[in-house]
Amino acid sequence: MKTTLCTLGACALASAGSNEGRLAVPQTAFVRGAGGGGAALLRHRSSSSSSLCSTRLQHRCRSTRSAATVRRSTVVATLDLKPAFSVYATLPVGSRAQSEEGVELDASKPAPFPSIDAFEMVKEDLAPFTDSIKELVDTQHPVLSMAAKHFFERRHGKRFRPTIVCLMSRAVSEQPYETLRTSQQYKRQGQLGTITEMIHVASLIHDDVLDEAETRRGGLAVHKLYSNKVAVLAGDYLLARASVLLARLNNVQVVEIMATALDSLVQGEIMQLQSAPEDLLDMSHYLKKSYYKTASLICSACKSAALLGGHDFDSDLAVAAEEYGYHMGLAFQIVDDILDVTAGAEVLGKPAMADMSLGLATAPLLYAAEEVKELRPLIKRRFKEPGDKEAAFAYVLKTDAIARSRALALWHAQRAVDAAARLPPSPARQALINVCHTVLTRNK
């Protein structure tokens, strides 16, 4: 009796939704209530039903296992998540193809498309950003809530990363903007911009704790306003909330890409803390760390915007979006490192030469070290001895290191322009190109 009930029950589960499965349970219930005269009928049905249902169950299980295997192999085969720095060039090599737009960046001239303001273009789309962030990071603990909201409420700047995600979403769309702006697709892409900014801010909060930084964006760092413990928890909470929102996008590929960006942020911090003395003199090592800490998040967000727009992982548009984010992100970081040497604290919102205070050798210092051998031991000991920073600063100014660093930033920005030129013609594409000019000409 138990054998029949178990077999028929399994058959019913395996046949979910089929007529056979729905009939199996009532039939068994009827037999269970039969008198002694029904014993032969029970044994007969037990034998025949058991054989029939076992065969069906085995077939269905094999089909289910086969389908699951296909699904798993499809997902694995689709994603080839190599770090972008191992796919795209980090230093100028050979000649590049002329961009279709024919745009050649020149930081001494106006933006290529003067009538287009990239940040103004998406201003209306990003208007609800601050309010939605406040709601998303609200907690029952008031101190944690205030710490998590700190950057979003007071010094949000131009919301650079959400702006890039928004522009890329519009640039890869096959719909006119009037149709796109009210679509669920654009809503999810907007959520991606929010997620990207939350991850970025969380990384800033954690970095300031590790670096013992006093200020950030012209004000006190979060851990100085509250405490190290509160700052770490605030950063963790932002990452947790970003992970929840990421899962709600219902796109496994995007989840994996953005999770890889999180992994890259941590790897970049480890590289910064544990680099061997000889590695500190290596330009490729510096650019790899810059990719991990800055460009990886922008690069991943750009590619994810293309995927949420309905494009395949390896499609030309998704690859162009990724390459744009990679080169533009590196250009952004190189310019940031130049400003750390050339701009004053009142402009940057943080102390000048902060990188040297942390023992970091950036592009200007590495180019200067190629010409001035006396600078190399200072870099290898991370400027720890009195007078090291001042001497290094003097060496940089007496060489062409700043000009060479600007040339490297220009090269990456131009490569980003060339990648954007592979996107469909649109005002959003032109805005993305203008952003590259903005990155080169910014002073803070």
# chains A, B, ... in the order shown; residues from 1 in each chain; ligands from 1
$ residues_around --residues "His311 in chain A" --least-positions-apart "5" --cutoff "12 Å" --atoms "only C-alpha atoms" --output "ChimeraX atom specification"
/A:169,172-174,185,253-254,303-306,316-321
$ select_by_dssp --residues "range 243-358 of chain A" --states "helix (DSSP H, G or I)" --output "PDB file with C-alpha atoms, in the first residue's frame"
ATOM      1  CA  SER A 243      22.909  44.134  -3.729  1.00  0.00           C
ATOM      2  CA  VAL A 244      19.190  43.868  -3.010  1.00  0.00           C
ATOM      3  CA  LEU A 245      18.365  46.394  -5.734  1.00  0.00           C
ATOM      4  CA  LEU A 246      20.699  44.591  -8.115  1.00  0.00           C
ATOM      5  CA  ALA A 247      18.877  41.307  -7.565  1.00  0.00           C
ATOM      6  CA  VAL A 252      21.525  37.249 -13.991  1.00  0.00           C
ATOM      7  CA  GLN A 253      24.173  38.548 -16.381  1.00  0.00           C
ATOM      8  CA  VAL A 254      23.975  42.072 -14.990  1.00  0.00           C
ATOM      9  CA  VAL A 255      24.174  40.716 -11.432  1.00  0.00           C
ATOM     10  CA  GLU A 256      27.340  38.804 -12.288  1.00  0.00           C
ATOM     11  CA  ILE A 257      28.944  41.748 -14.090  1.00  0.00           C
ATOM     12  CA  MET A 258      28.261  44.182 -11.246  1.00  0.00           C
ATOM     13  CA  ALA A 259      29.322  41.625  -8.633  1.00  0.00           C
ATOM     14  CA  THR A 260      32.616  41.325 -10.509  1.00  0.00           C
ATOM     15  CA  ALA A 261      32.994  45.108 -10.263  1.00  0.00           C
ATOM     16  CA  LEU A 262      32.618  44.823  -6.485  1.00  0.00           C
ATOM     17  CA  ASP A 263      35.318  42.168  -6.478  1.00  0.00           C
ATOM     18  CA  SER A 264      37.556  44.489  -8.507  1.00  0.00           C
ATOM     19  CA  LEU A 265      37.163  47.322  -5.992  1.00  0.00           C
ATOM     20  CA  VAL A 266      38.442  45.071  -3.220  1.00  0.00           C
ATOM     21  CA  GLN A 267      41.312  43.770  -5.358  1.00  0.00           C
ATOM     22  CA  GLY A 268      42.319  47.352  -6.136  1.00  0.00           C
ATOM     23  CA  GLU A 269      42.455  48.236  -2.456  1.00  0.00           C
ATOM     24  CA  ILE A 270      44.580  45.156  -1.739  1.00  0.00           C
ATOM     25  CA  MET A 271      46.962  46.089  -4.577  1.00  0.00           C
ATOM     26  CA  GLN A 272      47.270  49.584  -3.143  1.00  0.00           C
ATOM     27  CA  LEU A 273      48.122  48.292   0.330  1.00  0.00           C
ATOM     28  CA  GLN A 274      50.363  45.356  -0.531  1.00  0.00           C
ATOM     29  CA  ASP A 279      55.780  47.192  -8.552  1.00  0.00           C
ATOM     30  CA  LEU A 280      55.426  50.779  -7.349  1.00  0.00           C
ATOM     31  CA  LEU A 281      57.685  51.840 -10.238  1.00  0.00           C
ATOM     32  CA  MET A 283      53.301  52.004 -15.034  1.00  0.00           C
ATOM     33  CA  SER A 284      51.309  48.902 -16.039  1.00  0.00           C
ATOM     34  CA  HIS A 285      50.857  48.013 -12.369  1.00  0.00           C
ATOM     35  CA  TYR A 286      49.602  51.537 -11.664  1.00  0.00           C
ATOM     36  CA  LEU A 287      47.099  51.388 -14.531  1.00  0.00           C
ATOM     37  CA  LYS A 288      45.892  47.938 -13.470  1.00  0.00           C
ATOM     38  CA  LYS A 289      45.247  49.237  -9.955  1.00  0.00           C
ATOM     39  CA  SER A 290      43.502  52.298 -11.441  1.00  0.00           C
ATOM     40  CA  TYR A 291      41.253  49.987 -13.433  1.00  0.00           C
ATOM     41  CA  TYR A 292      40.330  47.984 -10.355  1.00  0.00           C
ATOM     42  CA  LYS A 293      39.664  50.993  -8.139  1.00  0.00           C
ATOM     43  CA  THR A 294      37.970  53.360 -10.605  1.00  0.00           C
ATOM     44  CA  ALA A 295      37.411  52.210 -14.178  1.00  0.00           C
ATOM     45  CA  SER A 296      36.002  48.749 -13.399  1.00  0.00           C
ATOM     46  CA  LEU A 297      32.774  50.104 -11.875  1.00  0.00           C
ATOM     47  CA  ILE A 298      32.172  52.571 -14.731  1.00  0.00           C
ATOM     48  CA  CYS A 299      33.070  49.932 -17.321  1.00  0.00           C
ATOM     49  CA  SER A 300      30.737  47.316 -15.767  1.00  0.00           C
ATOM     50  CA  ALA A 301      27.887  49.804 -15.403  1.00  0.00           C
ATOM     51  CA  CYS A 302      28.137  50.833 -19.071  1.00  0.00           C
ATOM     52  CA  LYS A 303      28.040  47.231 -20.266  1.00  0.00           C
ATOM     53  CA  SER A 304      25.162  46.415 -17.892  1.00  0.00           C
ATOM     54  CA  ALA A 305      23.175  49.356 -19.280  1.00  0.00           C
ATOM     55  CA  ALA A 306      23.536  47.820 -22.752  1.00  0.00           C
ATOM     56  CA  LEU A 307      22.394  44.404 -21.503  1.00  0.00           C
ATOM     57  CA  LEU A 308      19.364  45.906 -19.762  1.00  0.00           C
ATOM     58  CA  ASP A 316      28.948  44.973 -30.858  1.00  0.00           C
ATOM     59  CA  LEU A 317      27.017  47.588 -28.889  1.00  0.00           C
ATOM     60  CA  ALA A 318      27.673  45.920 -25.509  1.00  0.00           C
ATOM     61  CA  VAL A 319      31.383  45.645 -26.299  1.00  0.00           C
ATOM     62  CA  ALA A 320      31.508  49.295 -27.424  1.00  0.00           C
ATOM     63  CA  ALA A 321      29.759  50.364 -24.214  1.00  0.00           C
ATOM     64  CA  GLU A 322      32.235  48.382 -22.105  1.00  0.00           C
ATOM     65  CA  GLU A 323      35.251  49.779 -23.967  1.00  0.00           C
ATOM     66  CA  TYR A 324      33.938  53.318 -23.587  1.00  0.00           C
ATOM     67  CA  GLY A 325      33.583  52.887 -19.828  1.00  0.00           C
ATOM     68  CA  TYR A 326      37.035  51.311 -19.549  1.00  0.00           C
ATOM     69  CA  HIS A 327      38.961  54.052 -21.342  1.00  0.00           C
ATOM     70  CA  MET A 328      36.913  56.926 -19.978  1.00  0.00           C
ATOM     71  CA  GLY A 329      37.315  55.560 -16.433  1.00  0.00           C
ATOM     72  CA  LEU A 330      41.091  55.341 -16.795  1.00  0.00           C
ATOM     73  CA  ALA A 331      41.257  58.853 -18.268  1.00  0.00           C
ATOM     74  CA  PHE A 332      39.225  60.097 -15.297  1.00  0.00           C
ATOM     75  CA  GLN A 333      41.624  58.524 -12.779  1.00  0.00           C
ATOM     76  CA  ILE A 334      44.783  59.754 -14.540  1.00  0.00           C
ATOM     77  CA  VAL A 335      43.436  63.320 -14.563  1.00  0.00           C
ATOM     78  CA  ASP A 336      42.506  62.917 -10.891  1.00  0.00           C
ATOM     79  CA  ASP A 337      46.106  61.933 -10.145  1.00  0.00           C
ATOM     80  CA  ILE A 338      47.426  64.918 -12.109  1.00  0.00           C
ATOM     81  CA  LEU A 339      45.183  67.253 -10.110  1.00  0.00           C
ATOM     82  CA  ASP A 340      46.487  65.759  -6.878  1.00  0.00           C
ATOM     83  CA  VAL A 341      49.869  67.219  -7.819  1.00  0.00           C
ATOM     84  CA  THR A 342      48.840  70.458  -9.516  1.00  0.00           C
ATOM     85  CA  ALA A 345      43.306  71.744  -1.462  1.00  0.00           C
ATOM     86  CA  GLU A 346      40.651  74.462  -1.783  1.00  0.00           C
ATOM     87  CA  VAL A 347      39.918  73.272  -5.340  1.00  0.00           C
ATOM     88  CA  LEU A 348      40.085  69.507  -4.769  1.00  0.00           C
ATOM     89  CA  ALA A 354      47.239  63.244  -0.713  1.00  0.00           C
ATOM     90  CA  ASP A 355      48.392  60.322  -2.858  1.00  0.00           C
ATOM     91  CA  MET A 356      52.010  60.782  -1.795  1.00  0.00           C
ATOM     92  CA  SER A 357      50.896  60.997   1.826  1.00  0.00           C
TER      93      SER A 357
END
$ closest_atom_pairs --of "range 313-375 of chain A" --to "range 395-399 of chain A" --cutoff "8 Å" --atoms "only C-alpha atoms" --output "Markdown table"
| residue | atom | partner | partner_atom | distance |
| --- | --- | --- | --- | --- |
| A:Pro364 | CA | A:Val396 | CA | 6.6 |
| A:Leu365 | CA | A:Val396 | CA | 6.2 |
| A:Ala368 | CA | A:Val396 | CA | 5.3 |
| A:Glu371 | CA | A:Thr399 | CA | 7.4 |
| A:Val372 | CA | A:Tyr395 | CA | 7.1 |
| A:Leu375 | CA | A:Tyr395 | CA | 7.2 |
$ atom_distance --atom1 "CA of Arg159 in chain A" --atom2 "CA of Glu197 in chain A"
7.7 Å
$ closest_residue --among "A:Met146, A:Ile164, A:Leu358, A:Val103" --to "Leu233 in chain A" --atoms "only C-alpha atoms"
A:Met146
$ closest_residue --among "A:Glu374, A:Glu120, A:Asp80, A:Asp207" --to "Asn228 in chain A" --atoms "only C-alpha atoms"
A:Asp207
$ atom_distance --atom1 "CA of Tyr88 in chain A" --atom2 "CA of Ala419 in chain A"
11.3 Å
$ atom_distance --atom1 "CA of Ala202 in chain A" --atom2 "CA of Leu239 in chain A"
6.4 Å
$ select_by_dssp --residues "range 159-372 of chain A" --states "strand (DSSP E or B)" --output "compact mmCIF listing (two decimals) with all heavy atoms, in the first residue's frame"
# COMPACT_ATOMS: atom_id res chain seq x y z
N THR A 215 39.21 64.59 5.13
CA THR A 215 38.14 65.25 4.37
C THR A 215 37.77 64.46 3.13
O THR A 215 38.52 63.62 2.65
CB THR A 215 38.57 66.67 3.94
OG1 THR A 215 39.75 66.57 3.13
CG2 THR A 215 38.87 67.53 5.15
N ARG A 216 36.58 64.78 2.61
CA ARG A 216 36.10 64.19 1.36
C ARG A 216 35.09 65.16 0.76
O ARG A 216 34.14 65.58 1.42
CB ARG A 216 35.45 62.84 1.63
CG ARG A 216 34.72 62.22 0.46
CD ARG A 216 35.67 61.81 -0.66
NE ARG A 216 36.51 60.67 -0.29
CZ ARG A 216 37.34 60.05 -1.14
NH1 ARG A 216 37.44 60.50 -2.39
NH2 ARG A 216 38.08 59.04 -0.74
N GLY A 219 34.33 68.46 2.69
CA GLY A 219 33.81 68.38 4.06
C GLY A 219 34.49 67.25 4.81
O GLY A 219 35.34 66.55 4.27
N LEU A 220 34.11 67.08 6.06
CA LEU A 220 34.70 66.02 6.86
C LEU A 220 34.29 64.65 6.33
O LEU A 220 33.16 64.46 5.87
CB LEU A 220 34.25 66.15 8.32
CG LEU A 220 34.89 67.28 9.13
CD1 LEU A 220 34.25 67.34 10.51
CD2 LEU A 220 36.39 67.10 9.24
$ residues_around --residues "Leu105 in chain A" --least-positions-apart "5" --cutoff "10 Å" --atoms "only C-alpha atoms" --output "PyMOL selection string"
chain A and resi 110-112+410-411+413-415+417+433-434+436-437+440
$ closest_residue --among "A:Ala89, A:Val165, A:Val143, A:Val222" --to "Leu126 in chain A" --atoms "only C-alpha atoms"
A:Val165
$ residues_around --residues "Ala171 in chain A" --least-positions-apart "4" --cutoff "10 Å" --atoms "only C-alpha atoms" --output "ChimeraX atom specification"
/A:165-167,175,177,305-306,309,317,321,420,423-432
